[in-house]
There are 6 protein chains.
Amino acid sequence: MKDTLSTSQQAHVLISALPYIQKYTGRVVVVKYGGNAMINPELKKAVMSDIVLLSLIGVRVVLVHGGGPEITDTLKALGKESRFVNGLRYTDADTAEVVQMVLAGKINKDLVSLITQSGGRALGFCGIDAGMIKCKKLSGDADLGFVGEITSVDPTPLANAIYNRYIPVVATVGTDENGQVYNINADTAAAEIAAALGAENLIMLTDIRGLMRDINDPDSMIQEVKLSEVAGLTEKGIISGGMIPKVASCVNALKNGVKKAVMIDGRIEHSILIEMFSDEGIGTLFTK
Amino acid sequence: MKDTLSTSQQAHVLISALPYIQKYTGRVVVVKYGGNAMINPELKKAVMSDIVLLSLIGVRVVLVHGGGPEITDTLKALGKESRFVNGLRYTDADTAEVVQMVLAGKINKDLVSLITQSGGRALGFCGIDAGMIKCKKLSGDADLGFVGEITSVDPTPLANAIYNRYIPVVATVGTDENGQVYNINADTAAAEIAAALGAENLIMLTDIRGLMRDINDPDSMIQEVKLSEVAGLTEKGIISGGMIPKVASCVNALKNGVKKAVMIDGRIEHSILIEMFSDEGIGTLFTK
Amino acid sequence: MKDTLSTSQQAHVLISALPYIQKYTGRVVVVKYGGNAMINPELKKAVMSDIVLLSLIGVRVVLVHGGGPEITDTLKALGKESRFVNGLRYTDADTAEVVQMVLAGKINKDLVSLITQSGGRALGFCGIDAGMIKCKKLSGDADLGFVGEITSVDPTPLANAIYNRYIPVVATVGTDENGQVYNINADTAAAEIAAALGAENLIMLTDIRGLMRDINDPDSMIQEVKLSEVAGLTEKGIISGGMIPKVASCVNALKNGVKKAVMIDGRIEHSILIEMFSDEGIGTLFTK
Amino acid sequence: MKDTLSTSQQAHVLISALPYIQKYTGRVVVVKYGGNAMINPELKKAVMSDIVLLSLIGVRVVLVHGGGPEITDTLKALGKESRFVNGLRYTDADTAEVVQMVLAGKINKDLVSLITQSGGRALGFCGIDAGMIKCKKLSGDADLGFVGEITSVDPTPLANAIYNRYIPVVATVGTDENGQVYNINADTAAAEIAAALGAENLIMLTDIRGLMRDINDPDSMIQEVKLSEVAGLTEKGIISGGMIPKVASCVNALKNGVKKAVMIDGRIEHSILIEMFSDEGIGTLFTK
Amino acid sequence: MKDTLSTSQQAHVLISALPYIQKYTGRVVVVKYGGNAMINPELKKAVMSDIVLLSLIGVRVVLVHGGGPEITDTLKALGKESRFVNGLRYTDADTAEVVQMVLAGKINKDLVSLITQSGGRALGFCGIDAGMIKCKKLSGDADLGFVGEITSVDPTPLANAIYNRYIPVVATVGTDENGQVYNINADTAAAEIAAALGAENLIMLTDIRGLMRDINDPDSMIQEVKLSEVAGLTEKGIISGGMIPKVASCVNALKNGVKKAVMIDGRIEHSILIEMFSDEGIGTLFTK
Amino acid sequence: MKDTLSTSQQAHVLISALPYIQKYTGRVVVVKYGGNAMINPELKKAVMSDIVLLSLIGVRVVLVHGGGPEITDTLKALGKESRFVNGLRYTDADTAEVVQMVLAGKINKDLVSLITQSGGRALGFCGIDAGMIKCKKLSGDADLGFVGEITSVDPTPLANAIYNRYIPVVATVGTDENGQVYNINADTAAAEIAAALGAENLIMLTDIRGLMRDINDPDSMIQEVKLSEVAGLTEKGIISGGMIPKVASCVNALKNGVKKAVMIDGRIEHSILIEMFSDEGIGTLFTK
């Protein structure tokens, strides 16, 4: 056990975790993994440990991840400039291929390897496997190329995996009816997967503390938001910018049967455990 | 989580428990419960918490208990003096009935209730159920009346219970072919049950720190004893008195397939967790 | 086979039992056991044989029992006078403990042992096991102390037992949310258990022939009562005194899905078999 | 229950059957059905009742039957004379077809129907189904045409049937590698089927009381024969004539794992029940 | 592979079968077998091959057959003239027995044997088995004796068979409540069995190309008929004569949940495969 | 069906495939995919169709693939020259990362997508998933960097996949105890996977017709090689150059329980089907 504490103190900590373990054992929890927690190696390792611990106490965890700097780096190394439209990467056919390769072949398998090194049993998936994530071209004002909008998720391979006590790790690319690959926003995909699996919890790791009433006031975090309050908060500009799609994903998950969706600060070590194993939680909780 | 620690510290403790959880999940662990840990209400509650926690992280725990002061108290209240032969209670027919009643009806169901109150799912058993523990009159120099020597254990009802994720709690009375009830030594019974279930671990809660080279020197505890060393230690008088039957039970369990048998100090709060969740353990470990 | 009959006659008897065996095989039958059949050793043995036979031909029998003279005897032996309020035992905290001990530790396990001796496979339970019977203080005019009113029954442990072909024997004590033990009327408990298990039949062993139109006329027994007739029979005083709660239990069982509830005379040897294996039955049958 | 006995007497009979039910429940028992018990309608009905009763108390019964007068009758009606060689029917190609038709289509399905009428669940099979009984031309002194010698039995369809609680009824025709149909001796087939299913018991219904030391002395029946005694009894002529192949079948079954093989008098009503449900049995028992 | 084609051509054929295999794998298909395809040995063998192939690619085929010339032949050989009423065989008690014998014992087992010879695993059934097909006397203008009208079908034995990957072959005789055997029209029986099994497809082999607008114009076959068109086609006389009951069976199947019912020309070799493995099919398809 | 053939001819082809389907259904077949068949789009599609067809008729196919030109292309595009030692690619740490990314993220998922487009259900795996392929640095004369030698294969995830009727596609990278990724020869990996799964068949797609006695004589292909002949053929130089490791893989598979290993010409369309669905096969068969 941890060195600076007496074994007795440590035993007390374990005992105090009891009610939370009881609450979550057997439940499906989808973790959207991204941002700083995916870049900083210390945080990365802590997240993997959290995932393995949850898995061992019987939580059925699914890890959903997007890409991040590695895609840009690889595109650059391949001499291909990333083009952005309204702050979003434009994905041409070549880029879609690179996205698939980096997401499903590099980041995904690296995460699988890290979990295995931490004593977990992970299996890497992407939306191409068994045609699991079907999508079409994202509709909207700007043409983003092969950026996809999910039309259906077949959760069977993930359900098989968690039933056999594996931890599925999912890279968010999908295909349309013709097999064309699309890049998919990982927040959206995590929400859809959580809904398809009938998950208890959707946990989104972000780079902020939570939803802030006043972005400059660290004490202004909102602990809980009801679905009915989202419209008002958006009107007031409290939900704005990059938070809009994230909140939309949470709302989508809740509307499709997920019990709780929570945004937590991925920059805090073991934030997943702290969220799940304390009454107050950390971050902002979205509920019906 | 525990108040005096930060949530972050607590998360670290949980993470540090990971390798031990990995080690024990799915394993069968038989805990012989007795002595002070069964009398002191604080300790009692701590043991129940330990049991529930183990159960939740997937350990298949079986709790085996004997009687203790409550039998004497009830016999006394019924106007029946306890008679002792060589320090062992003489069990006449009436006493055997009282032993059954107090063990299987009072102590056993009280423990079941305590575990249930702590969030576990316990089922009370005694050796009479489904004729699970068969015995005959204990052979030996002194006639102890209806004190039994186990002839066979049918572990099926216990196996069914742990397979359905219940925690079986077993009172150590048994019957002979004619249905006569016998009082059985709980250490012996725990060892036989552990062997019949193919348990990984037998943990015996005692009122001493472990096996001491010098009873007056608290630093002289022996951490590990190999089967081959038992005879020598007995000759030297280090294993003596009340330790002799306890050690014999450990030896019996190991010889019949149990991997590890350990005597730990039940007077230390959460001693079971501390033993199982640290590398050094506490108490004296018996191994092949 | 039975000596006084030729083997051929005996074979004919077995063959004539065929249609009844066909009718009951695989069905759940809850037997409320009490009164004289629980005191007279001959009758006791006959009931146990009936239970074992039913179990062997595939009937899933659950035996529910209360206490009786042994509780009073033990209380007396412990120097504790039984106090009665309106003919019902007042149960203070100490008495509740004794009730639990005698019911779950003495009577219950003695029945389990008897069934085992007769070749059956019984498992003893009480409402404390796995928090199976939850109750609250019985409401009513008189304060009876820790006499409980059932709030819920979790039939899972009993269902597991009958599915694994064990005969569960249930002592009727339960607990409230705080773990306080209550004494529960066995008729009521049997009805609730029958309902929770979706039993086909509830058989109540009593010390009378059945419901009598005229208590002094042995030929006035009513063979069948429809639910709709109960109110009228009560008004006329035909259902009165100790019969009122027994009939109420039957009514309760029927309203909650049990097909048939029948009161039979436990003073007749093998009355359970005679009831189940003949067209006319014995005793009074309650049906929708 | 049976009219001439009181219900109480009947209950006693049922109770006295308990130990025998306990002994056979779950076991596989193969009954070779033939002779008078197959011709006399009263006896036929009694056998079917016995079979259904056994099935209901959990015995896994397989009924194996041959032909008898109906084959001769049908051959005659078709204008085909039966030809016999050394007392055995010569089976030409046309006859083999008629045998198949009468055995598998008439006698077999009539038995299935009778069992169904008695409340059992029977399924008719013959050795042609799923190529279950493979055979070759019987070797021997006389050429008997398409009379087969079993080369292999695939018990899977019968095992599926008894596992699903059906009573398989088997007509003893088989095929060779080319699909040619053969008539097979039913005693031999019953023994082979019993061996293939790992049956507990093979019961052969015959038209004699058992193996008689002196055919004229009704008190000279031999109750038990050990395998080692068969040679001697044959030498002495006690096993002779039509008994030789029947005894050979019993011997064959025992050598291939069947526990007990018994020849009983099919002319006694309910002889199967009397044999199985009494200590002494009737008829001659063959054991290792 | 087939000699006259190159292995490459053959591989292409197999590949082109892919979408049809995908369509039918796991589905239940009931084939009504009769007419010329049952008489001509070449066609017979081709049908058996089709059935085995379908079974191997995962289609759950049930073969339902009637009688035909063999019944008449056997009746004749037995010196019993067939009597016809309105073109339908009058079935007296003796005839019913012969029908059972020939259908269930001869034709049925011969088909089972043929399938086994082709490498399939078939089990023969008739409606008598497990009381699977219950019927009553066919009502109607003419008295046809023991010709039955189906009152219920218990598909359990057939479902068990296809689940265990056997091919059930069903002879269409049934019984009433008293065990009296009835001859049942095989078209009707196939439709009822298809409905009871929730089949995807009912395929009826006939001796015509399909439903013809003009019986003299081979190009006038109707490829598809909707349920709503049946009445009109009957009025116009296009559905007439022997087609009326066949179409009625198809209609009945569709109304009870079967997806497609199709009449195909059994005189064409491998017509079942051609129907199932091509887009256009052959014959007349009935759909909702 | 295929256009140039009549439907009747096509049906005959299907029927002629029957014995081969019977032979392989339920068997595990590992296909090593590489060479020209992986580059030429027509051939690629034909291989995918073969795989899907096999899967549909019940063969449990596992597709194992290596890399090829795409790795070199990507390395080049990333400005990294491939270095070769003795004709084998030297794999430095960066290269290992690229290999993982291209194999597991590009080629693997593209194959999965192609199979899905052809109507199959594929799941992509690499040796990193669940730590499935463990390896160490390849020992040998030349230092090839992170080129791995397999130390163990855990077939569980692949077995789960084929049991659930998915087609696993496996990219041959693995990890050592520290999580370092290694490039693994795909022939070797396919052989090890076939052994770990207890496969019936290992099929290796190559760019030659088979093992040739005389490389210049197209008629000199050896149809079958026994294990005992390998040494001699190697001595004579008939097994030489690039054939040596391929043959070694076949030998390894056979020694570890695989029944047949065959090298076939991947340049022939549908070579897998032709091999499996004809008696003579194509290519060179290795057997014990």
# chains A, B, ... in the order shown; residues from 1 in each chain; ligands from 1

$ residues_around --residues "region 152-158 of chain E" --least-positions-apart "2" --cutoff "7 Å" --atoms "only C-alpha atoms" --output "list in words"
Met132, Ile133, Lys134, Cys135, Ile150, Asn160, Ala161, Ile162, Pro168, Ile193, Ala196 and Leu197 of chain E

$ residues_around --residues "Thr284 (chain A)" --least-positions-apart "2" --cutoff "8 Å" --atoms "only C-alpha atoms" --output "ChimeraX atom specification"
/A:210-211,221-225,262-264,282,286

$ residues_around --residues "region 51-60 of chain A" --least-positions-apart "6" --cutoff "7 Å" --atoms "only C-alpha atoms" --output "number ranges by chain"
A: 21, 24-29, 115, 119-120, 162; B: 15, 18, 21-22, 56-58

$ select_by_dssp --residues "region 56-278 of chain A" --states "strand (DSSP E or B)" --output "ChimeraX atom specification"
/A:60-65,83-85,88-91,122-126,133-137,145,147-153,167-171,173-175,181-183,201-206,212,221,224-226,260-265

$ closest_atom_pairs --of "chain F" --to "chain A" --cutoff "8 Å" --atoms "only C-alpha atoms" --output "tab-separated table"
residue	atom	partner	partner_atom	distance
F:Ala77	CA	A:Leu78	CA	5.4
F:Leu78	CA	A:Leu78	CA	5.0
F:Gly79	CA	A:Ala77	CA	7.8
F:Glu97	CA	A:Lys106	CA	7.5
F:Gln100	CA	A:Gly105	CA	6.3
F:Met101	CA	A:Gly105	CA	4.1
F:Val102	CA	A:Met101	CA	6.2
F:Leu103	CA	A:Gly105	CA	7.2
F:Ala104	CA	A:Gly105	CA	4.7
F:Gly105	CA	A:Gly105	CA	3.3
F:Lys106	CA	A:Met101	CA	4.8
F:Lys109	CA	A:Ile128	CA	6.6
F:Val112	CA	A:Asp129	CA	6.3
F:Ser113	CA	A:Ile128	CA	6.1
F:Leu114	CA	A:Gly179	CA	7.6
F:Thr116	CA	A:Ala130	CA	6.4
F:Gln117	CA	A:Gly179	CA	6.6
F:Arg121	CA	A:Ala130	CA	5.0
F:Ala122	CA	A:Ala130	CA	5.0
F:Leu123	CA	A:Asp129	CA	4.8
F:Gly124	CA	A:Asp129	CA	6.1
F:Phe125	CA	A:Gly124	CA	7.2
F:Ile128	CA	A:Ser113	CA	6.1
F:Asp129	CA	A:Leu123	CA	4.8
F:Ala130	CA	A:Arg121	CA	5.0
F:Gly131	CA	A:Thr116	CA	6.4
F:Tyr166	CA	A:Ala130	CA	7.9
F:Asn178	CA	A:Gln117	CA	7.4
F:Gly179	CA	A:Ser113	CA	6.3

$ atom_distance --atom1 "CA of Leu205 (chain D)" --atom2 "CA of Gly266 (chain D)"
4.8 Å

$ select_by_dssp --residues "region 127-206 of chain B" --states "helix (DSSP H, G or I)" --output "list in words"
Asp129, Ala130, Gly131, Thr156, Pro157, Leu158, Ala159, Asn160, Ala161, Ile162, Tyr163, Ala186, Asp187, Thr188, Ala189, Ala190, Ala191, Glu192, Ile193, Ala194, Ala195, Ala196 and Leu197 of chain B

$ residues_around --residues "Val85 (chain E)" --least-positions-apart "5" --cutoff "8 Å" --atoms "only C-alpha atoms" --output "VMD selection string"
chain E and resid 90 142 to 144

$ residues_around --residues "Ile244 (chain A)" --least-positions-apart "4" --cutoff "12 Å" --atoms "only C-alpha atoms" --output "ChimeraX atom specification"
/A:187-188,211,230-231,233-235,237-240,248-251

$ closest_residue --among "F:Ser6, F:Ser139, F:Asn201, F:Thr287" --to "Glu275 (chain F)" --atoms "only C-alpha atoms"
F:Asn201

$ residues_around --residues "region 252-256 of chain B" --least-positions-apart "3" --cutoff "7 Å" --atoms "only C-alpha atoms" --output "number ranges by chain"
B: 191-192, 194-195, 248-249, 259-261, 287-288

$ write_last_selection --atoms "all heavy atoms" --output "PDB file, in the first residue's frame"
ATOM      1  N   ALA B 191     -10.371 -25.375   8.502  1.00  0.00           N
ATOM      2  CA  ALA B 191      -9.345 -26.011   7.671  1.00  0.00           C
ATOM      3  C   ALA B 191      -9.965 -27.046   6.740  1.00  0.00           C
ATOM      4  O   ALA B 191      -9.629 -27.115   5.548  1.00  0.00           O
ATOM      5  CB  ALA B 191      -8.283 -26.664   8.564  1.00  0.00           C
ATOM      6  N   GLU B 192     -10.887 -27.827   7.246  1.00  0.00           N
ATOM      7  CA  GLU B 192     -11.525 -28.859   6.422  1.00  0.00           C
ATOM      8  C   GLU B 192     -12.377 -28.228   5.321  1.00  0.00           C
ATOM      9  O   GLU B 192     -12.428 -28.704   4.189  1.00  0.00           O
ATOM     10  CB  GLU B 192     -12.423 -29.766   7.285  1.00  0.00           C
ATOM     11  CG  GLU B 192     -11.673 -30.616   8.291  1.00  0.00           C
ATOM     12  CD  GLU B 192     -11.120 -31.905   7.663  1.00  0.00           C
ATOM     13  OE1 GLU B 192     -11.336 -32.138   6.452  1.00  0.00           O
ATOM     14  OE2 GLU B 192     -10.476 -32.678   8.402  1.00  0.00           O
ATOM     15  N   ALA B 194     -11.930 -25.239   4.010  1.00  0.00           N
ATOM     16  CA  ALA B 194     -10.999 -24.647   3.042  1.00  0.00           C
ATOM     17  C   ALA B 194     -10.485 -25.721   2.083  1.00  0.00           C
ATOM     18  O   ALA B 194     -10.413 -25.512   0.865  1.00  0.00           O
ATOM     19  CB  ALA B 194      -9.839 -23.976   3.777  1.00  0.00           C
ATOM     20  N   ALA B 195     -10.155 -26.888   2.632  1.00  0.00           N
ATOM     21  CA  ALA B 195      -9.660 -27.976   1.783  1.00  0.00           C
ATOM     22  C   ALA B 195     -10.751 -28.452   0.829  1.00  0.00           C
ATOM     23  O   ALA B 195     -10.525 -28.634  -0.369  1.00  0.00           O
ATOM     24  CB  ALA B 195      -9.158 -29.118   2.658  1.00  0.00           C
ATOM     25  N   ALA B 248      -1.875 -27.259  13.726  1.00  0.00           N
ATOM     26  CA  ALA B 248      -2.262 -28.522  13.097  1.00  0.00           C
ATOM     27  C   ALA B 248      -3.324 -28.284  12.022  1.00  0.00           C
ATOM     28  O   ALA B 248      -3.307 -28.904  10.946  1.00  0.00           O
ATOM     29  CB  ALA B 248      -2.769 -29.503  14.149  1.00  0.00           C
ATOM     30  N   SER B 249      -4.263 -27.369  12.299  1.00  0.00           N
ATOM     31  CA  SER B 249      -5.296 -27.054  11.305  1.00  0.00           C
ATOM     32  C   SER B 249      -4.672 -26.445  10.058  1.00  0.00           C
ATOM     33  O   SER B 249      -5.039 -26.786   8.929  1.00  0.00           O
ATOM     34  CB  SER B 249      -6.333 -26.092  11.897  1.00  0.00           C
ATOM     35  OG  SER B 249      -7.078 -26.748  12.899  1.00  0.00           O
ATOM     36  N   LYS B 259      -3.501 -23.162  -0.590  1.00  0.00           N
ATOM     37  CA  LYS B 259      -2.196 -22.614  -0.965  1.00  0.00           C
ATOM     38  C   LYS B 259      -1.461 -21.975   0.217  1.00  0.00           C
ATOM     39  O   LYS B 259      -0.269 -22.171   0.399  1.00  0.00           O
ATOM     40  CB  LYS B 259      -2.354 -21.546  -2.069  1.00  0.00           C
ATOM     41  CG  LYS B 259      -2.963 -22.061  -3.345  1.00  0.00           C
ATOM     42  CD  LYS B 259      -1.933 -22.690  -4.274  1.00  0.00           C
ATOM     43  CE  LYS B 259      -2.612 -23.407  -5.416  1.00  0.00           C
ATOM     44  NZ  LYS B 259      -3.529 -22.544  -6.199  1.00  0.00           N
ATOM     45  N   LYS B 260      -2.193 -21.166   0.963  1.00  0.00           N
ATOM     46  CA  LYS B 260      -1.558 -20.455   2.074  1.00  0.00           C
ATOM     47  C   LYS B 260      -2.470 -20.489   3.296  1.00  0.00           C
ATOM     48  O   LYS B 260      -3.676 -20.348   3.176  1.00  0.00           O
ATOM     49  CB  LYS B 260      -1.331 -18.982   1.692  1.00  0.00           C
ATOM     50  CG  LYS B 260      -0.309 -18.743   0.615  1.00  0.00           C
ATOM     51  CD  LYS B 260      -0.367 -17.322   0.044  1.00  0.00           C
ATOM     52  CE  LYS B 260      -0.443 -16.252   1.111  1.00  0.00           C
ATOM     53  NZ  LYS B 260      -0.379 -14.888   0.507  1.00  0.00           N
ATOM     54  N   ALA B 261      -1.885 -20.668   4.480  1.00  0.00           N
ATOM     55  CA  ALA B 261      -2.656 -20.577   5.720  1.00  0.00           C
ATOM     56  C   ALA B 261      -1.936 -19.573   6.584  1.00  0.00           C
ATOM     57  O   ALA B 261      -0.707 -19.629   6.720  1.00  0.00           O
ATOM     58  CB  ALA B 261      -2.743 -21.932   6.406  1.00  0.00           C
ATOM     59  N   THR B 287       3.300 -22.142   4.748  1.00  0.00           N
ATOM     60  CA  THR B 287       3.291 -22.537   3.338  1.00  0.00           C
ATOM     61  C   THR B 287       3.956 -23.891   3.175  1.00  0.00           C
ATOM     62  O   THR B 287       4.646 -24.369   4.081  1.00  0.00           O
ATOM     63  CB  THR B 287       4.090 -21.541   2.456  1.00  0.00           C
ATOM     64  OG1 THR B 287       5.435 -21.508   2.945  1.00  0.00           O
ATOM     65  CG2 THR B 287       3.503 -20.163   2.487  1.00  0.00           C
ATOM     66  N   LYS B 288       3.732 -24.464   2.055  1.00  0.00           N
ATOM     67  CA  LYS B 288       4.400 -25.718   1.722  1.00  0.00           C
ATOM     68  C   LYS B 288       5.885 -25.456   1.531  1.00  0.00           C
ATOM     69  O   LYS B 288       6.740 -26.190   1.864  1.00  0.00           O
ATOM     70  CB  LYS B 288       3.835 -26.302   0.422  1.00  0.00           C
ATOM     71  CG  LYS B 288       2.465 -26.889   0.586  1.00  0.00           C
ATOM     72  CD  LYS B 288       2.232 -27.948  -0.474  1.00  0.00           C
ATOM     73  CE  LYS B 288       1.001 -28.775  -0.112  1.00  0.00           C
ATOM     74  NZ  LYS B 288       0.646 -29.705  -1.189  1.00  0.00           N
TER      75      LYS B 288
END
